[in-house]
file work.txt (compact mmCIF, C-alpha atoms and all ligand atoms)
# COMPACT_ATOMS: atom_id res chain seq x y z
CA MET Q 1 4.49 -115.29 -16.20
CA ARG Q 2 3.33 -117.85 -13.64
CA ILE Q 3 1.02 -116.41 -11.03
CA PHE Q 4 -0.40 -118.29 -8.06
CA LEU Q 5 -3.35 -116.88 -6.12
CA ILE Q 6 -4.10 -118.03 -2.62
CA GLY Q 7 -6.42 -116.80 0.10
CA ALA Q 8 -9.29 -117.91 2.27
CA PRO Q 9 -12.49 -119.20 0.67
CA GLY Q 10 -14.46 -116.22 -0.62
CA SER Q 11 -11.42 -113.95 -0.70
CA GLY Q 12 -11.94 -113.23 -4.39
CA LYS Q 13 -9.27 -115.43 -5.96
CA GLY Q 14 -11.52 -116.61 -8.78
CA THR Q 15 -12.61 -113.08 -9.68
CA GLN Q 16 -9.05 -111.77 -9.75
CA ALA Q 17 -7.90 -114.80 -11.72
CA ARG Q 18 -10.50 -113.99 -14.38
CA LEU Q 19 -9.48 -110.32 -14.58
CA LEU Q 20 -5.76 -111.06 -14.67
CA SER Q 21 -6.12 -113.79 -17.23
CA LYS Q 22 -7.90 -111.36 -19.56
CA ARG Q 23 -5.39 -108.58 -18.98
CA TYR Q 24 -2.27 -110.68 -19.50
CA HIS Q 25 -3.69 -113.29 -21.88
CA LEU Q 26 -2.83 -116.09 -19.55
CA ILE Q 27 -4.75 -119.28 -19.10
CA LYS Q 28 -6.69 -119.44 -15.82
CA ILE Q 29 -6.64 -122.63 -13.83
CA SER Q 30 -8.78 -123.20 -10.75
CA ILE Q 31 -7.99 -126.24 -8.65
CA GLY Q 32 -11.47 -126.12 -7.13
CA GLU Q 33 -13.06 -126.20 -10.60
CA ILE Q 34 -10.87 -129.09 -11.73
CA LEU Q 35 -11.87 -131.02 -8.62
CA ARG Q 36 -15.56 -130.27 -9.10
CA GLU Q 37 -15.33 -131.40 -12.73
CA LEU Q 38 -13.62 -134.61 -11.66
CA ILE Q 39 -16.40 -135.33 -9.22
CA HIS Q 40 -19.04 -134.46 -11.78
CA ASN Q 41 -17.56 -136.71 -14.45
CA LYS Q 42 -17.18 -139.58 -11.99
CA THR Q 43 -14.22 -140.86 -13.98
CA SER Q 44 -12.29 -142.64 -11.25
CA PRO Q 45 -12.53 -143.17 -7.52
CA GLU Q 46 -13.45 -139.56 -6.94
CA LYS Q 47 -15.90 -140.27 -4.16
CA LYS Q 48 -13.19 -139.63 -1.61
CA ILE Q 49 -12.53 -136.18 -3.09
CA LYS Q 50 -16.25 -135.41 -3.09
CA ASN Q 51 -16.57 -136.33 0.56
CA LEU Q 52 -13.61 -134.17 1.54
CA ILE Q 53 -14.84 -131.13 -0.40
CA ASN Q 54 -18.38 -131.45 0.89
CA LYS Q 55 -17.05 -131.61 4.44
CA GLY Q 56 -14.95 -128.49 3.85
CA LYS Q 57 -11.69 -130.38 4.16
CA LEU Q 58 -8.62 -130.16 1.97
CA VAL Q 59 -7.90 -132.83 -0.60
CA SER Q 60 -4.63 -134.74 -0.12
CA ASP Q 61 -1.38 -133.15 -1.23
CA LYS Q 62 -0.61 -136.18 -3.37
CA THR Q 63 -3.80 -135.76 -5.43
CA ILE Q 64 -3.47 -131.99 -5.72
CA ILE Q 65 0.19 -132.10 -6.75
CA ARG Q 66 -0.59 -134.73 -9.38
CA ILE Q 67 -3.44 -132.59 -10.76
CA VAL Q 68 -1.37 -129.39 -10.81
CA LYS Q 69 1.68 -130.98 -12.42
CA ASN Q 70 -0.46 -132.61 -15.05
CA ARG Q 71 -2.42 -129.46 -15.84
CA ILE Q 72 0.49 -127.03 -16.06
CA SER Q 73 2.50 -129.38 -18.25
CA GLN Q 74 -0.10 -128.94 -20.98
CA LYS Q 75 0.63 -126.87 -24.06
CA ASP Q 76 -1.68 -123.96 -23.21
CA CYS Q 77 0.36 -123.25 -20.07
CA MET Q 78 3.69 -122.92 -21.82
CA SER Q 79 3.72 -119.14 -21.88
CA GLY Q 80 2.42 -118.86 -18.33
CA PHE Q 81 -0.77 -119.26 -16.35
CA ILE Q 82 -2.77 -118.09 -13.37
CA LEU Q 83 -3.33 -120.78 -10.82
CA ASP Q 84 -6.14 -120.22 -8.34
CA GLY Q 85 -5.93 -122.29 -5.15
CA PHE Q 86 -2.38 -123.57 -4.96
CA PRO Q 87 -0.34 -124.00 -2.77
CA ARG Q 88 -2.61 -124.46 0.24
CA THR Q 89 -0.32 -126.49 2.46
CA ILE Q 90 3.35 -126.66 3.40
CA GLY Q 91 3.48 -130.03 1.62
CA GLN Q 92 2.35 -128.34 -1.60
CA ALA Q 93 4.75 -125.42 -1.10
CA LYS Q 94 7.62 -127.87 -0.66
CA ILE Q 95 7.11 -129.02 -4.24
CA ILE Q 96 7.81 -125.44 -5.28
CA SER Q 97 10.90 -125.22 -3.10
CA LYS Q 98 12.15 -128.43 -4.70
CA ASN Q 99 11.68 -126.75 -8.10
CA GLU Q 100 9.23 -129.39 -9.23
CA ILE Q 101 6.72 -126.63 -9.96
CA SER Q 102 7.85 -123.13 -10.96
CA VAL Q 103 6.20 -119.87 -10.06
CA ASP Q 104 7.06 -116.17 -10.43
CA TYR Q 105 4.52 -114.48 -8.18
CA ILE Q 106 2.34 -115.61 -5.33
CA PHE Q 107 -0.44 -113.31 -4.17
CA GLU Q 108 -2.34 -113.95 -0.97
CA LEU Q 109 -5.66 -112.12 -0.70
CA LYS Q 110 -6.15 -111.24 2.95
CA ILE Q 111 -9.60 -110.75 4.40
CA PRO Q 112 -11.17 -111.07 7.88
CA THR Q 113 -13.29 -114.13 8.67
CA LYS Q 114 -16.49 -112.20 9.36
CA ILE Q 115 -16.51 -110.60 5.91
CA ILE Q 116 -15.75 -113.94 4.29
CA ILE Q 117 -18.77 -115.65 5.80
CA GLU Q 118 -21.02 -112.77 4.72
CA ARG Q 119 -19.61 -112.86 1.19
CA ILE Q 120 -20.00 -116.59 0.70
CA LEU Q 121 -23.53 -116.66 2.04
CA LYS Q 122 -24.38 -113.76 -0.27
CA ARG Q 123 -22.83 -115.67 -3.19
CA LYS Q 124 -25.05 -118.61 -2.35
CA LYS Q 125 -28.16 -116.47 -2.06
CA ASP Q 126 -27.36 -114.61 -5.29
CA SER Q 127 -26.85 -117.84 -7.16
CA LEU Q 128 -30.48 -118.66 -6.47
CA THR Q 129 -31.65 -115.37 -7.99
CA PRO Q 130 -29.18 -114.84 -10.83
CA LYS Q 131 -31.27 -112.41 -12.85
CA LYS Q 132 -31.47 -109.92 -10.04
CA THR Q 133 -27.79 -109.93 -9.32
CA TYR Q 134 -26.06 -110.52 -12.61
CA SER Q 135 -27.80 -108.17 -14.94
CA LEU Q 136 -25.08 -105.62 -15.55
CA LYS Q 137 -21.71 -106.82 -16.73
CA ASN Q 138 -20.75 -109.97 -18.55
CA GLU Q 139 -17.80 -110.22 -16.21
CA ASN Q 140 -20.18 -111.02 -13.41
CA LEU Q 141 -22.32 -113.50 -15.23
CA PRO Q 142 -22.08 -116.96 -13.80
CA HIS Q 143 -21.36 -119.46 -16.54
CA ALA Q 144 -20.97 -123.18 -16.91
CA ASN Q 145 -17.23 -123.27 -16.26
CA ASN Q 146 -17.56 -121.21 -13.20
CA ASN Q 147 -19.30 -124.00 -11.31
CA PHE Q 148 -20.47 -121.24 -9.13
CA PHE Q 149 -24.05 -122.33 -8.75
CA PHE Q 150 -25.23 -124.42 -5.86
CA ARG Q 151 -21.89 -125.22 -4.36
CA LYS Q 152 -22.69 -127.67 -1.61
CA ASP Q 153 -19.74 -126.41 0.38
CA ASP Q 154 -21.17 -122.85 0.50
CA ASP Q 155 -23.09 -123.71 3.63
CA GLU Q 156 -22.38 -121.86 6.86
CA VAL Q 157 -21.16 -124.90 8.84
CA ILE Q 158 -18.95 -126.04 5.97
CA ILE Q 159 -17.62 -122.54 5.31
CA LYS Q 160 -16.47 -122.47 8.93
CA LYS Q 161 -14.69 -125.77 8.42
CA ARG Q 162 -13.07 -124.46 5.22
CA LEU Q 163 -11.89 -121.43 7.14
CA GLN Q 164 -10.43 -123.65 9.86
CA GLU Q 165 -8.56 -125.59 7.19
CA TYR Q 166 -7.30 -122.32 5.76
CA LYS Q 167 -6.06 -121.13 9.15
CA LYS Q 168 -4.44 -124.44 9.96
CA PHE Q 169 -2.81 -125.27 6.64
CA THR Q 170 -2.61 -122.21 4.39
CA GLN Q 171 -1.91 -119.31 6.75
CA PRO Q 172 1.39 -120.79 7.97
CA LEU Q 173 2.65 -120.62 4.39
CA LYS Q 174 3.77 -117.03 4.77
CA THR Q 175 6.23 -117.91 7.51
CA TYR Q 176 7.36 -120.93 5.54
CA TRP Q 177 7.86 -118.67 2.57
CA ASN Q 178 9.93 -116.12 4.45
CA LYS Q 179 12.17 -118.86 5.81
CA ASN Q 180 12.64 -120.91 2.68
CA PHE Q 181 12.28 -118.67 -0.31
CA LYS Q 182 14.30 -115.59 0.61
CA ASN Q 183 17.02 -116.27 -1.92
CA LYS Q 184 14.79 -117.43 -4.68
CA LYS Q 185 13.30 -115.25 -7.35
CA ILE Q 186 9.75 -116.10 -6.35
CA GLN Q 187 7.90 -113.15 -4.93
CA PHE Q 188 5.21 -113.43 -2.27
CA PHE Q 189 2.80 -110.53 -1.77
CA GLU Q 190 -0.10 -109.98 0.58
CA ILE Q 191 -2.98 -108.00 -0.91
CA ASP Q 192 -5.81 -106.38 1.02
CA GLY Q 193 -8.81 -108.40 -0.17
CA THR Q 194 -11.37 -106.19 1.59
CA GLN Q 195 -11.03 -103.55 -1.12
CA THR Q 196 -13.28 -103.32 -4.17
CA ILE Q 197 -12.66 -105.85 -6.94
CA LEU Q 198 -11.09 -103.13 -9.05
CA ASN Q 199 -8.74 -101.91 -6.34
CA VAL Q 200 -7.54 -105.43 -5.52
CA TYR Q 201 -6.91 -105.89 -9.23
CA LYS Q 202 -5.05 -102.56 -9.41
CA ASP Q 203 -2.81 -103.50 -6.46
CA ILE Q 204 -1.83 -106.74 -8.17
CA LYS Q 205 -1.31 -105.02 -11.52
CA ILE Q 206 1.00 -102.40 -9.98
CA ILE Q 207 3.22 -105.17 -8.63
CA LEU Q 208 3.23 -107.12 -11.87
CA GLU Q 209 4.04 -104.07 -13.95
CA LYS Q 210 6.66 -102.62 -11.66
CA LYS Q 211 9.89 -102.22 -13.57
CA THR Q 212 12.74 -104.11 -11.94
P1 LIG Q 301 -12.40 -121.95 -1.95
O1 LIG Q 301 -11.14 -121.22 -2.26
O2 LIG Q 301 -13.55 -121.05 -1.77
O3 LIG Q 301 -12.23 -122.96 -0.85
P2 LIG Q 301 -12.10 -123.62 -4.27
O4 LIG Q 301 -13.06 -123.79 -5.38
O5 LIG Q 301 -10.77 -123.04 -4.59
O6 LIG Q 301 -12.87 -122.76 -3.22
O7 LIG Q 301 -11.85 -125.03 -3.55
C1 LIG Q 301 -12.92 -125.86 -3.17
C2 LIG Q 301 -12.39 -127.06 -2.40
O8 LIG Q 301 -11.45 -127.80 -3.22
C3 LIG Q 301 -11.59 -126.75 -1.13
O9 LIG Q 301 -12.43 -126.55 -0.02
C4 LIG Q 301 -10.76 -128.04 -0.99
O10 LIG Q 301 -11.54 -129.11 -0.50
C5 LIG Q 301 -10.40 -128.36 -2.43
N1 LIG Q 301 -9.10 -127.75 -2.83
C6 LIG Q 301 -8.91 -126.76 -3.74
N2 LIG Q 301 -7.60 -126.46 -3.86
C7 LIG Q 301 -6.93 -127.27 -3.00
C8 LIG Q 301 -5.56 -127.45 -2.64
N3 LIG Q 301 -4.57 -126.73 -3.20
N4 LIG Q 301 -5.27 -128.40 -1.70
C9 LIG Q 301 -6.21 -129.14 -1.15
N5 LIG Q 301 -7.53 -129.04 -1.43
C10 LIG Q 301 -7.89 -128.11 -2.34

call {"tool": "encode", "arguments": {"input": "work.txt", "output": "structure tokens", "more": "lines below"}}
Ligand code: ADP
result
Amino acid sequence: MRIFLIGAPGSGKGTQARLLSKRYHLIKISIGEILRELIHNKTSPEKKIKNLINKGKLVSDKTIIRIVKNRISQKDCMSGFILDGFPRTIGQAKIISKNEISVDYIFELKIPTKIIIERILKRKKDSLTPKKTYSLKNENLPHANNNFFFRKDDDEVIIKKRLQEYKKFTQPLKTYWNKNFKNKKIQFFEIDGTQTILNVYKDIKIILEKKT
């Protein structure tokens, strides 16, 4: 099963990816995390990527498509995967329509802008006082891979830019999808991301477990 999760910044993609990956024993891949690791490791000319991310802008399709193709061709993805943060542009979706990347389900988590800004700013604040916020469940504990701490792009001005990028490049995907993917087996679903974490998860699970 190949599941792609898209949605505005702060819509809960990462959280759902974690829950779904546990439930279905699928590897979880986050494009944002891969990019942040690349920047951190300073392996190649990643300065350009860093600048784009820190300005709230999208990274080029060419780079993203290369990263995705490379990652999902690895052995641990053979029986399926959950990909958080792809496709975000028509250019990236085109690669799917050309069958260069295969997918079974795409879920878009929908959530109004105002709630998003509140959520991300809360995430930033909470990351500065982890003990207070993350004392209950392991599920909520920030950990090294999460790269959740001190994200430079979780700043109000940059969040607004990220949201603009989402509106400009990612929101039009639905129309693109309806026009170009009608006859394909790929299924595109919109999920109400304002619900509780558990209810969003349940909505996705119902779709995935629906008998055809
Ligand atoms: P969010 O979903 O909150 O924006 P991510 O961690 O998924 O957070 O992404 C962080 C940043 O990484 C994005 O703002 C963007 O710069 C870059 N990025 C991630 N996925 C993509 C993509 N598919 N295309 C272009 N840029 C991307």

call {"tool": "closest_residue", "arguments": {"input": "work.txt", "among": "Q:Gln164, Q:Ser30, Q:Gln195, Q:Asn99", "to": "Ile3 (chain Q)", "atoms": "only C-alpha atoms"}}
result
Q:Ser30

call {"tool": "closest_residue", "arguments": {"input": "work.txt", "among": "Q:Ala17, Q:Val59, Q:Ile34, Q:Leu5", "to": "ligand LIG 301 (chain Q)", "atoms": "only C-alpha atoms and all ligand atoms"}}
result
Q:Val59

call {"tool": "residues_around", "arguments": {"input": "work.txt", "residues": "Leu26 (chain Q)", "least_positions_apart": "5", "cutoff": "12 Å", "atoms": "all atoms listed in the file", "output": "list in words"}}
result
Met1, Arg2, Ile3, Phe4, Ala17, Arg18, Leu19, Leu20, Ser21, Ile72, Asp76, Cys77, Met78, Ser79, Gly80, Phe81, Ile82 and Leu83 of chain Q

call {"tool": "residues_near_ligand", "arguments": {"input": "work.txt", "ligand": "ligand LIG 301 (chain Q)", "cutoff": "7 Å", "atoms": "all atoms listed in the file", "output": "NGL selection string"}}
result
:Q and (7-10 or 30-33 or 35 or 52-53 or 56-61 or 64 or 84-89 or 162)

call {"tool": "atom_distance", "arguments": {"input": "work.txt", "atom1": "CA of Ala93 (chain Q)", "atom2": "CA of Gln187 (chain Q)"}}
result
13.2 Å

call {"tool": "residues_around", "arguments": {"input": "work.txt", "residues": "Asn54 (chain Q)", "least_positions_apart": "5", "cutoff": "8 Å", "atoms": "only C-alpha atoms", "output": "number ranges by chain"}}
result
Q: 152-153, 158

call {"tool": "closest_residue", "arguments": {"input": "work.txt", "among": "Q:Leu38, Q:Ile115, Q:Ile90, Q:Leu163", "to": "Tyr176 (chain Q)", "atoms": "only C-alpha atoms"}}
result
Q:Ile90

call {"tool": "closest_residue", "arguments": {"input": "work.txt", "among": "Q:Glu209, Q:Asp192, Q:Asp155, Q:Glu100", "to": "Val68 (chain Q)", "atoms": "only C-alpha atoms"}}
result
Q:Glu100

call {"tool": "atom_distance", "arguments": {"input": "work.txt", "atom1": "CA of Ile49 (chain Q)", "atom2": "CA of Ile67 (chain Q)"}}
result
12.4 Å

call {"tool": "atom_distance", "arguments": {"input": "work.txt", "atom1": "CA of Lys98 (chain Q)", "atom2": "CA of Lys48 (chain Q)"}}
result
27.9 Å

call {"tool": "closest_residue", "arguments": {"input": "work.txt", "among": "Q:Lys13, Q:Lys55, Q:His40, Q:Lys28", "to": "Val157 (chain Q)", "atoms": "only C-alpha atoms"}}
result
Q:Lys55

call {"tool": "closest_residue", "arguments": {"input": "work.txt", "among": "Q:Ile29, Q:Ile204, Q:Ile101, Q:Leu109", "to": "Thr170 (chain Q)", "atoms": "all atoms listed in the file"}}
result
Q:Leu109
